[in-house]
Amino acid sequence: MMLTNPHARSAADCLAVLAATPEGLTAPEAAQRRAEHGPNRLPEARTRGPVLRFLRQFNNVLIYVLLGAAAVTGALQHWVDTGVILAVVLANAVIGFLQEGKAEAAMTAIRGMLAPRAAVLRDRRRVSLDAADLVPGDIVLLEAGDKVPADLRVLEARGLAAQEAILTGESVPVGKGTEPVAVDAALGDRHAMLWSGTLVTQGTARGLVVATGPATEIGRIGGLLAAVEELTTPLVAQMDHFARWLSFLILLASGLLLVYGYFVGHRDFSEVFMVVVGVAVAAIPEGLPAVMTITLAIGVQAMARRHAIVRRLPAIEAIGSVSVICTDKTGTLTRNEMVATAAVTPAGSFAIGGEGYAPEGSITPAGDLGRLALAAALCNDASLHCKDGIWSVEGDPMEGALLAFAGKVAGDHGGRRLDAIPFDSRHRFMAVLTDGPSGRLTHVKGAPERVLGMCRGIDLHDWHNRADALARRGLRVLALAEMPQTANRIDPGALEGGLAFLGLVGLIDPPRPEAVAAVAECRAAGIRVKMITGDHAGTAAAIAAQIGLANPHRVLTGVDLDTLDDAQLALEVADVDIFARTSPEHKLRLVTALQAGGLSVAMTGDGVNDAPALKRADAGIAMGLKGSEAAKEATDLVLADDNFATIAAAVREGRTVYDNLRKVISWTLPTNAGEALVVVLALLLGLSLPMTAVQILWINLITELTLGLALAFEPTEPGTMDRPPRPRNAPILSGGLVWHVVLVAGLFLAAIFGVFSYAIDRGYPLALAQTMAMNTLVVLEIFHLFFIRNIHSTSLTWAAARGTPVVWAVVIVITAAQFAVTYLPPLQAVLGTRPVPMLDGFLIVGVGAAFFAIIEIEKQIRLGFKG
Ligand code: ATP
């Protein structure tokens with residue numbers, strides 16, 4: 001069963017060769033083919049192997065410095081130093097390797113959550129499958145916005161066009177049809193084919209799968225997938241850049257220090273050399289990039305747990321800083337579980353009973369709704385299924401609700417579809433031509449404004465009022481109409497003014513309770529929520545009031561927007577929270593207008609036409625369930641559950657990650673600066689060094705990396721969603737941070753020198769004084785860690801002291817490690833330490849507590865001024 005050149009054969013021929021039918025394969029047949037052809041998946045792109053990843057850890061300025069230092073100390077025959085330096089280099093590489101591996105694994109797992117799905121006919125029924133389960137011979141249904149899941153021979157096409165840039169490089173969508181083309185036509189000219197990995201930009205199609213997985217065109221050229229994402233965001237990139245220049249600066253300064261110490265200070269070369277290496281290591285924040293990367297990876301996981309899937313890392317930062325969220329209504333603020341509750345026809349008004357999608361319920365008063373029900377059933381692409389007594393819908397929930405309504409009305413609602421004009425949010429209606437029990441009819445359903453205008457012989461004004469009345473009750477309103485036909489194609493021109501009006505149907509779509517809470521949370525967090533919907537103004541306003549938007553009284557419609565110029569729009573957009581009857585083009589204008597006002601905009605979208613607005617927004621958010629692949633590809637963030645509450649959760653997580661990155665930076669930099677100052681000062685004053693180079697290495701590459709890591713796991717600080725959003729483009733190295741670095745580095749300097757001088761005064765040997773200085777530094781680091789955990793509030797609460805399991809785990813590990821290097825003879829030999837007397841141990845902890853008290857009081861004064 002090999003199908004060659006499907007583009008040049010007729011559709012019937014292709015079906016015959018693949019032993020397929022237009023109704024789809026049966027499940028056993030599909031299973032057998034699946035076993036034969038394998039999954040419809042491209043071979044995994046080869047990622048960097050572990051060896052290469054491990055070696056990459058050594059590609060870092062600091063490591064070069066250390067390896068150089070190891071060589072020099074080796075030449076000077078200081079074997080212990082050489083050994084320690086090499087051990088530290090190795091330990092650092094192993095830690096970096098493990099962290100990076102974890103971060104990459106986390107990202108890969110999350111990308112797997114976005115596996116594409118496909119609508120397929122199996123056993124004559126439309127089902128949604130994992131695209132990996134497609135086999136040759138399957139019949140796939142596609143609509144605008146879908147990604148083509150395999151190579152397909154088009155069997156049926158309506159207004160079909162696809163964008164095939166990934167395959168042909170041509171970014172303009174090409175029209176598609178069913179007619180075969182010449183055997184030797186170029187890929188881009190094979191109009192009867194849809195290629196795996198390309199995007200349907202317009203229309204609908206039914207296609208026969210002719211090749212899957214590696215047999216597809218994209219599979220054959222081995223394209224796609226390969227992109228390995230860099231684990232970075234603007235902030236992290238900025239810090240990387242900063243760290244790199246800082247390293248060079250420090251190396252330069254260290255070189256000068258070496259020259260100064262040797263030629264001016266007349267010190268022994270090997271001694272000065274080790275000191276200078278110590279300064280360089282002390283000052284360079286080598287652990288910072290690794291800890292920041294892991295912070296991001298943990299943020300990505302936390303978001304995924306809350307159903308927000310990060311496609312590109314910068315989204316984490318962007319979502320945390322948004323000041324406006326523009327959201328869809330249907331399915332995001334509301335449940336998208338629709339029930340038709342009201343029908344209004346020229347014969348009167350009817351209440352429709354029943355619950356869910358079950359086609360059972362009473363209609364009061366009794367009346368003849370047969371024609372309306374027939375239109376609702378035939379002008380419809382959804383289907384209802386009953387499993388264990390529970391009815392569910394496959395397809396659009398609104399159409400499912402219409403099917404349920406039709407089921408409540410007696411009569412035969414079957415028919416054979418001859419032609420259709422699919423729904424499009426731009427023309428807001430759909431039409432279907434069917435041979436049915438009442439003859440050949442075109443049925444139309446759509447937005448009342450649109451459909452009423454196409455009908456003849458009705459009182460337009462009166463019916464608009466009735467539609468508005470339904471909308472004001474928060475109902476979604478559809479108008480239905482019909483037209484007898486003789487032709488077997490729909491002539492769109494003939495519909496205008498040629499339809500006979502049947503009636504209105506009102507559907508409820510209740511707000512999600514969690515969305516109400518989330519909107520309130522956003523408002524407390526200084527974030528304005530705006531609703532941008534294709535729905536009726538009245539419906540939108542009613543739902544906005546139920547949801548609790550700031551201003552539910554003013555609505556701008558798409559028509560209003562078209563009359564405003566950009567300047568007027570920028571003014572209006574600040575105050576109005578509801579935009580109704582909009583089309584996707586309006587979204588782009590709204591984002592631009594809001595951004596012009598200096599706001600950071602999050603925008604949701606689901607359709608193929610939403611892509612430009614989603615790309616333009618600071619944080620584009622696609623719907624995972626009802627969103628098209630095109631929208632997902634355009635965004636950085638995908639909501640797995642389409643729920644507005646998830647956006648609020650993502651904002652909270654985004655703010656948390658940003659806070660944690662800031663905490664990592666504010667914790668690391670002063671430690672490095674303090675250490676470096678201690679050594680430089682000692683060198684300039686001609687004093688003995690308070691810490692040896694090896695001890696500095698230990699502190700910087702082991703204790704600092706381990707303790708700093710705890711900050712990556714910090715939970716959200718209380719009050720995070722009560723703060724206003726941070727200003728757009730706020731620099732990370734702000735005045736506040738610089739002040740913190742100066743203050744803490746100064747205190748570190750004073751404390752370490754203080755303890756060191758005290759020990760020397762007491763007549764302790766130099767090695768013991770150095771041991772005490774080193775332990776002081778670690779104690780200061782630990783106290784500083786507890787301080788940094790609460791940068792926006794006090795650290796003097798029970799909750800703050802209780803910390804998190806991670807914080808206590810690293811503190812215990814590091815404390816144990818400090819005891820070991822201080823008291824265990826073999827380690828003493830390596831690090832040149834001496835046992836510290838117990839009372840002096842208490843003194844060191846006391847110094848740490850005093851340091852904590854000072855910075856905490858300083859913070860309270862600062863917060864007091866702000867508050
Ligand atoms: P949101 O942007 O909040 O998701 P929406 O889903 O209501 O809004 P659209 O899908 O653009 O926006 O729908 C706009 C209008 O078009 C609806 O209010 C309805 O009147 C009409 N409409 C929607 N879906 C269909 C359909 N399948 N057939 C006919 N008309 C439809």
# chains A, B, ... in the order shown; residues from 1 in each chain; ligands from 1
$ closest_atom_pairs --of "segment 261-331 of chain A" --to "segment 500-523 of chain A" --cutoff "10 Å" --atoms "only C-alpha atoms" --output "tab-separated table"
residue	atom	partner	partner_atom	distance
A:Ser323	CA	A:Cys522	CA	9.1
A:Val324	CA	A:Cys522	CA	9.1
A:Ile325	CA	A:Cys522	CA	8.8
A:Lys329	CA	A:Pro511	CA	9.0
A:Thr330	CA	A:Asp509	CA	7.9
A:Gly331	CA	A:Asp509	CA	8.5
$ residues_near_ligand --ligand "ligand 1" --cutoff "9 Å" --atoms "only C-alpha atoms and all ligand atoms" --output "PyMOL selection string"
chain A and resi 327-334+379-381+396+398-399+422-431+444-450+476-480+531-536+539-540+580-584+605-607
$ residues_around --residues "Leu402 of chain A" --least-positions-apart "5" --cutoff "9 Å" --atoms "only C-alpha atoms" --output "PyMOL selection string"
chain A and resi 338-340+357+373+376-377+380+397+407+505+507
$ residues_around --residues "Thr4 of chain A" --least-positions-apart "5" --cutoff "10 Å" --atoms "only C-alpha atoms" --output "number ranges by chain"
A: 9, 14, 17, 183, 210
$ residues_around --residues "segment 650-665 of chain A" --least-positions-apart "2" --cutoff "6 Å" --atoms "only C-alpha atoms" --output "list in words"
Gly299, Ile316, Glu317, Ile319, Gly320, Ile647, Ala648, Trp667, Thr668, Leu669 and Thr716 of chain A
$ write_last_selection --atoms "N, CA and C atoms" --output "mmCIF file, in the first residue's frame"
data_model
loop_
_atom_site.group_PDB
_atom_site.id
_atom_site.type_symbol
_atom_site.label_atom_id
_atom_site.label_comp_id
_atom_site.auth_asym_id
_atom_site.auth_seq_id
_atom_site.Cartn_x
_atom_site.Cartn_y
_atom_site.Cartn_z
ATOM 1 N N GLY A 299 10.352 28.560 38.277
ATOM 2 C CA GLY A 299 9.193 29.396 37.968
ATOM 3 C C GLY A 299 8.341 28.757 36.872
ATOM 4 N N ILE A 316 7.911 34.836 31.356
ATOM 5 C CA ILE A 316 7.824 34.814 32.814
ATOM 6 C C ILE A 316 7.990 36.209 33.370
ATOM 7 N N GLU A 317 8.973 36.921 32.826
ATOM 8 C CA GLU A 317 9.184 38.270 33.310
ATOM 9 C C GLU A 317 8.061 39.189 32.865
ATOM 10 N N ILE A 319 4.924 38.597 32.061
ATOM 11 C CA ILE A 319 3.607 38.433 32.673
ATOM 12 C C ILE A 319 3.607 39.013 34.094
ATOM 13 N N GLY A 320 4.765 38.979 34.758
ATOM 14 C CA GLY A 320 4.838 39.525 36.114
ATOM 15 C C GLY A 320 4.743 41.040 36.163
ATOM 16 N N ILE A 647 -4.599 33.212 34.427
ATOM 17 C CA ILE A 647 -3.791 34.386 34.088
ATOM 18 C C ILE A 647 -3.355 35.080 35.381
ATOM 19 N N ALA A 648 -4.314 35.233 36.305
ATOM 20 C CA ALA A 648 -3.972 35.876 37.575
ATOM 21 C C ALA A 648 -2.902 35.064 38.300
ATOM 22 N N TRP A 667 21.264 39.183 47.164
ATOM 23 C CA TRP A 667 21.944 38.405 48.186
ATOM 24 C C TRP A 667 23.397 38.147 47.778
ATOM 25 N N THR A 668 23.605 37.879 46.500
ATOM 26 C CA THR A 668 24.930 37.474 46.038
ATOM 27 C C THR A 668 25.908 38.644 45.945
ATOM 28 N N LEU A 669 25.463 39.740 45.320
ATOM 29 C CA LEU A 669 26.412 40.821 45.057
ATOM 30 C C LEU A 669 27.067 41.384 46.324
ATOM 31 N N THR A 716 5.859 32.598 47.039
ATOM 32 C CA THR A 716 5.378 33.966 46.866
ATOM 33 C C THR A 716 5.334 34.675 48.214
#
$ residues_around --residues "segment 588-604 of chain A" --least-positions-apart "6" --cutoff "6 Å" --atoms "only C-alpha atoms" --output "list in words"
Val322, Ser323, Val324, Ile325, Cys326, Thr327, Ala570, Ala613, Ala617, Asp618, Ala619, Gly620, Ile621 and Ala622 of chain A
$ write_last_selection --atoms "N, CA and C atoms" --output "PDB file, in the first residue's frame"
ATOM      1  N   VAL A 322       2.777  42.983  33.956  1.00  0.00           N
ATOM      2  CA  VAL A 322       1.685  43.598  33.201  1.00  0.00           C
ATOM      3  C   VAL A 322       0.856  44.537  34.066  1.00  0.00           C
ATOM      4  N   SER A 323       0.338  45.595  33.426  1.00  0.00           N
ATOM      5  CA  SER A 323      -0.536  46.511  34.146  1.00  0.00           C
ATOM      6  C   SER A 323      -1.951  46.494  33.574  1.00  0.00           C
ATOM      7  N   VAL A 324      -2.142  45.869  32.422  1.00  0.00           N
ATOM      8  CA  VAL A 324      -3.484  45.685  31.866  1.00  0.00           C
ATOM      9  C   VAL A 324      -3.589  44.278  31.321  1.00  0.00           C
ATOM     10  N   ILE A 325      -4.714  43.637  31.572  1.00  0.00           N
ATOM     11  CA  ILE A 325      -4.965  42.345  30.940  1.00  0.00           C
ATOM     12  C   ILE A 325      -6.185  42.499  30.047  1.00  0.00           C
ATOM     13  N   CYS A 326      -6.006  42.256  28.768  1.00  0.00           N
ATOM     14  CA  CYS A 326      -7.135  42.262  27.838  1.00  0.00           C
ATOM     15  C   CYS A 326      -7.526  40.814  27.615  1.00  0.00           C
ATOM     16  N   THR A 327      -8.757  40.483  27.964  1.00  0.00           N
ATOM     17  CA  THR A 327      -9.128  39.071  27.898  1.00  0.00           C
ATOM     18  C   THR A 327     -10.363  38.846  27.039  1.00  0.00           C
ATOM     19  N   ALA A 570      -6.531  56.346  22.174  1.00  0.00           N
ATOM     20  CA  ALA A 570      -5.605  56.276  23.304  1.00  0.00           C
ATOM     21  C   ALA A 570      -6.243  56.901  24.543  1.00  0.00           C
ATOM     22  N   ALA A 613      -1.912  40.692  17.134  1.00  0.00           N
ATOM     23  CA  ALA A 613      -2.098  41.350  18.434  1.00  0.00           C
ATOM     24  C   ALA A 613      -1.351  40.594  19.525  1.00  0.00           C
ATOM     25  N   ALA A 617       1.582  42.286  21.860  1.00  0.00           N
ATOM     26  CA  ALA A 617       1.384  42.465  23.308  1.00  0.00           C
ATOM     27  C   ALA A 617       2.677  42.159  24.065  1.00  0.00           C
ATOM     28  N   ASP A 618       2.802  42.760  25.255  1.00  0.00           N
ATOM     29  CA  ASP A 618       3.978  42.460  26.063  1.00  0.00           C
ATOM     30  C   ASP A 618       3.961  41.004  26.492  1.00  0.00           C
ATOM     31  N   ALA A 619       2.763  40.517  26.791  1.00  0.00           N
ATOM     32  CA  ALA A 619       2.620  39.095  27.099  1.00  0.00           C
ATOM     33  C   ALA A 619       1.432  38.579  26.298  1.00  0.00           C
ATOM     34  N   GLY A 620       1.697  37.818  25.272  1.00  0.00           N
ATOM     35  CA  GLY A 620       0.624  37.216  24.479  1.00  0.00           C
ATOM     36  C   GLY A 620       0.232  35.894  25.112  1.00  0.00           C
ATOM     37  N   ILE A 621      -1.076  35.678  25.265  1.00  0.00           N
ATOM     38  CA  ILE A 621      -1.539  34.469  25.952  1.00  0.00           C
ATOM     39  C   ILE A 621      -2.520  33.732  25.052  1.00  0.00           C
ATOM     40  N   ALA A 622      -2.224  32.481  24.743  1.00  0.00           N
ATOM     41  CA  ALA A 622      -3.130  31.715  23.875  1.00  0.00           C
ATOM     42  C   ALA A 622      -3.925  30.723  24.705  1.00  0.00           C
TER      43      ALA A 622
END
$ closest_residue --among "A:Leu683, A:Val830, A:Val836, A:Ile543" --to "Arg335 of chain A" --atoms "only C-alpha atoms"
A:Ile543
$ residues_around --residues "Thr233 of chain A" --least-positions-apart "4" --cutoff "9 Å" --atoms "only C-alpha atoms" --output "PyMOL selection string"
chain A and resi 237-238+296+312-317
$ atom_distance --atom1 "atom CA of Ala820 of chain A" --atom2 "atom CA of Ile85 of chain A"
18.7 Å
$ atom_distance --atom1 "atom CA of Leu160 of chain A" --atom2 "atom CA of Pro173 of chain A"
9.6 Å
$ atom_distance --atom1 "atom CA of Glu629 of chain A" --atom2 "atom CA of Pro116 of chain A"
7.9 Å
$ select_by_dssp --residues "segment 374-489 of chain A" --states "alpha helix (DSSP H)" --output "ChimeraX atom specification"
/A:374-378,397-408,448-452,460-472
$ write_last_selection --atoms "N, CA, C and O atoms" --output "CSV table (one decimal), in the first residue's frame"
chain,number,residue,atom,x,y,z
A,374,LEU,N,-34.8,22.7,13.2
A,374,LEU,CA,-34.2,22.1,12.1
A,374,LEU,C,-33.0,23.0,11.7
A,374,LEU,O,-31.9,22.4,11.4
A,375,ALA,N,-33.2,24.3,11.7
A,375,ALA,CA,-32.0,25.2,11.3
A,375,ALA,C,-30.9,25.0,12.4
A,375,ALA,O,-29.7,24.9,12.0
A,376,ALA,N,-31.3,24.9,13.7
A,376,ALA,CA,-30.3,24.8,14.7
A,376,ALA,C,-29.5,23.5,14.5
A,376,ALA,O,-28.3,23.5,14.8
A,377,ALA,N,-30.2,22.5,14.1
A,377,ALA,CA,-29.5,21.2,14.0
A,377,ALA,C,-28.6,21.0,12.8
A,377,ALA,O,-27.6,20.4,12.8
A,378,LEU,N,-29.1,21.6,11.7
A,378,LEU,CA,-28.4,21.5,10.4
A,378,LEU,C,-27.3,22.5,10.2
A,378,LEU,O,-26.2,22.2,9.6
A,397,PRO,N,-19.1,24.5,21.9
A,397,PRO,CA,-20.2,24.3,22.9
A,397,PRO,C,-21.5,25.0,22.6
A,397,PRO,O,-22.5,24.5,22.9
A,398,MET,N,-21.3,26.1,21.9
A,398,MET,CA,-22.6,26.9,21.6
A,398,MET,C,-23.4,26.0,20.6
A,398,MET,O,-24.6,25.9,20.7
A,399,GLU,N,-22.7,25.4,19.6
A,399,GLU,CA,-23.4,24.6,18.6
A,399,GLU,C,-24.0,23.3,19.3
A,399,GLU,O,-25.0,22.8,19.0
A,400,GLY,N,-23.2,22.8,20.3
A,400,GLY,CA,-23.7,21.7,21.1
A,400,GLY,C,-25.0,22.0,21.8
A,400,GLY,O,-25.9,21.2,21.8
A,401,ALA,N,-25.1,23.3,22.3
A,401,ALA,CA,-26.3,23.7,23.0
A,401,ALA,C,-27.4,23.8,22.0
A,401,ALA,O,-28.6,23.5,22.4
A,402,LEU,N,-27.1,24.2,20.8
A,402,LEU,CA,-28.2,24.3,19.8
A,402,LEU,C,-28.7,22.9,19.4
A,402,LEU,O,-29.9,22.7,19.2
A,403,LEU,N,-27.8,21.9,19.4
A,403,LEU,CA,-28.2,20.5,19.1
A,403,LEU,C,-29.1,20.0,20.2
A,403,LEU,O,-30.1,19.3,19.9
A,404,ALA,N,-28.7,20.3,21.4
A,404,ALA,CA,-29.5,19.9,22.6
A,404,ALA,C,-30.9,20.5,22.5
A,404,ALA,O,-31.9,19.8,22.7
A,405,PHE,N,-30.9,21.8,22.1
A,405,PHE,CA,-32.2,22.4,21.9
A,405,PHE,C,-33.0,21.7,20.9
A,405,PHE,O,-34.2,21.4,21.1
A,406,ALA,N,-32.4,21.5,19.7
A,406,ALA,CA,-33.1,20.8,18.6
A,406,ALA,C,-33.7,19.5,19.1
A,406,ALA,O,-34.8,19.1,18.7
A,407,GLY,N,-32.9,18.8,19.9
A,407,GLY,CA,-33.3,17.5,20.4
A,407,GLY,C,-34.6,17.5,21.3
A,407,GLY,O,-35.3,16.6,21.4
A,408,LYS,N,-34.8,18.7,21.9
A,408,LYS,CA,-36.0,18.9,22.7
A,408,LYS,C,-37.2,19.1,21.9
A,408,LYS,O,-38.3,19.1,22.5
A,448,PRO,N,-27.3,38.5,15.6
A,448,PRO,CA,-28.6,39.1,15.1
A,448,PRO,C,-28.4,40.3,14.2
A,448,PRO,O,-29.0,40.4,13.1
A,449,GLU,N,-27.4,41.2,14.5
A,449,GLU,CA,-27.3,42.4,13.7
A,449,GLU,C,-27.0,42.0,12.2
A,449,GLU,O,-27.4,42.6,11.3
A,450,ARG,N,-26.2,40.9,12.1
A,450,ARG,CA,-25.8,40.5,10.8
A,450,ARG,C,-27.0,39.7,10.1
A,450,ARG,O,-27.3,40.1,8.9
A,451,VAL,N,-27.6,38.8,10.7
A,451,VAL,CA,-28.6,37.9,10.1
A,451,VAL,C,-29.9,38.6,9.9
A,451,VAL,O,-30.5,38.5,8.8
A,452,LEU,N,-30.3,39.5,10.8
A,452,LEU,CA,-31.6,40.2,10.6
A,452,LEU,C,-31.5,41.0,9.4
A,452,LEU,O,-32.5,41.1,8.6
A,460,LEU,N,-37.3,45.3,11.4
A,460,LEU,CA,-36.0,45.2,11.8
A,460,LEU,C,-35.8,45.8,13.2
A,460,LEU,O,-35.2,45.3,14.1
A,461,HIS,N,-36.4,47.0,13.4
A,461,HIS,CA,-36.3,47.7,14.6
A,461,HIS,C,-36.8,46.9,15.8
A,461,HIS,O,-36.1,46.7,16.8
A,462,ASP,N,-37.9,46.4,15.6
A,462,ASP,CA,-38.6,45.6,16.7
A,462,ASP,C,-37.7,44.4,17.0
A,462,ASP,O,-37.5,44.1,18.2
A,463,TRP,N,-37.2,43.7,16.0
A,463,TRP,CA,-36.4,42.5,16.3
A,463,TRP,C,-35.0,42.8,16.9
A,463,TRP,O,-34.5,42.0,17.8
A,464,HIS,N,-34.5,43.9,16.5
A,464,HIS,CA,-33.2,44.3,17.2
A,464,HIS,C,-33.5,44.6,18.7
A,464,HIS,O,-32.7,44.2,19.5
A,465,ASN,N,-34.6,45.2,19.0
A,465,ASN,CA,-35.0,45.5,20.4
A,465,ASN,C,-35.1,44.2,21.1
A,465,ASN,O,-34.7,44.0,22.3
A,466,ARG,N,-35.8,43.2,20.5
A,466,ARG,CA,-35.9,41.9,21.2
A,466,ARG,C,-34.6,41.2,21.4
A,466,ARG,O,-34.4,40.6,22.5
A,467,ALA,N,-33.7,41.3,20.4
A,467,ALA,CA,-32.4,40.7,20.6
A,467,ALA,C,-31.6,41.4,21.7
A,467,ALA,O,-31.0,40.7,22.6
A,468,ASP,N,-31.7,42.7,21.8
A,468,ASP,CA,-31.1,43.5,22.8
A,468,ASP,C,-31.6,43.1,24.2
A,468,ASP,O,-30.8,43.0,25.2
A,469,ALA,N,-32.9,42.9,24.3
A,469,ALA,CA,-33.5,42.5,25.6
A,469,ALA,C,-32.9,41.2,26.1
A,469,ALA,O,-32.6,41.0,27.2
A,470,LEU,N,-32.8,40.2,25.1
A,470,LEU,CA,-32.2,38.9,25.5
A,470,LEU,C,-30.8,39.2,26.0
A,470,LEU,O,-30.3,38.6,27.0
A,471,ALA,N,-30.0,40.0,25.2
A,471,ALA,CA,-28.6,40.2,25.5
A,471,ALA,C,-28.4,40.9,26.9
A,471,ALA,O,-27.5,40.5,27.7
A,472,ARG,N,-29.3,41.8,27.2
A,472,ARG,CA,-29.2,42.5,28.5
A,472,ARG,C,-29.4,41.5,29.7
A,472,ARG,O,-28.9,41.8,30.8
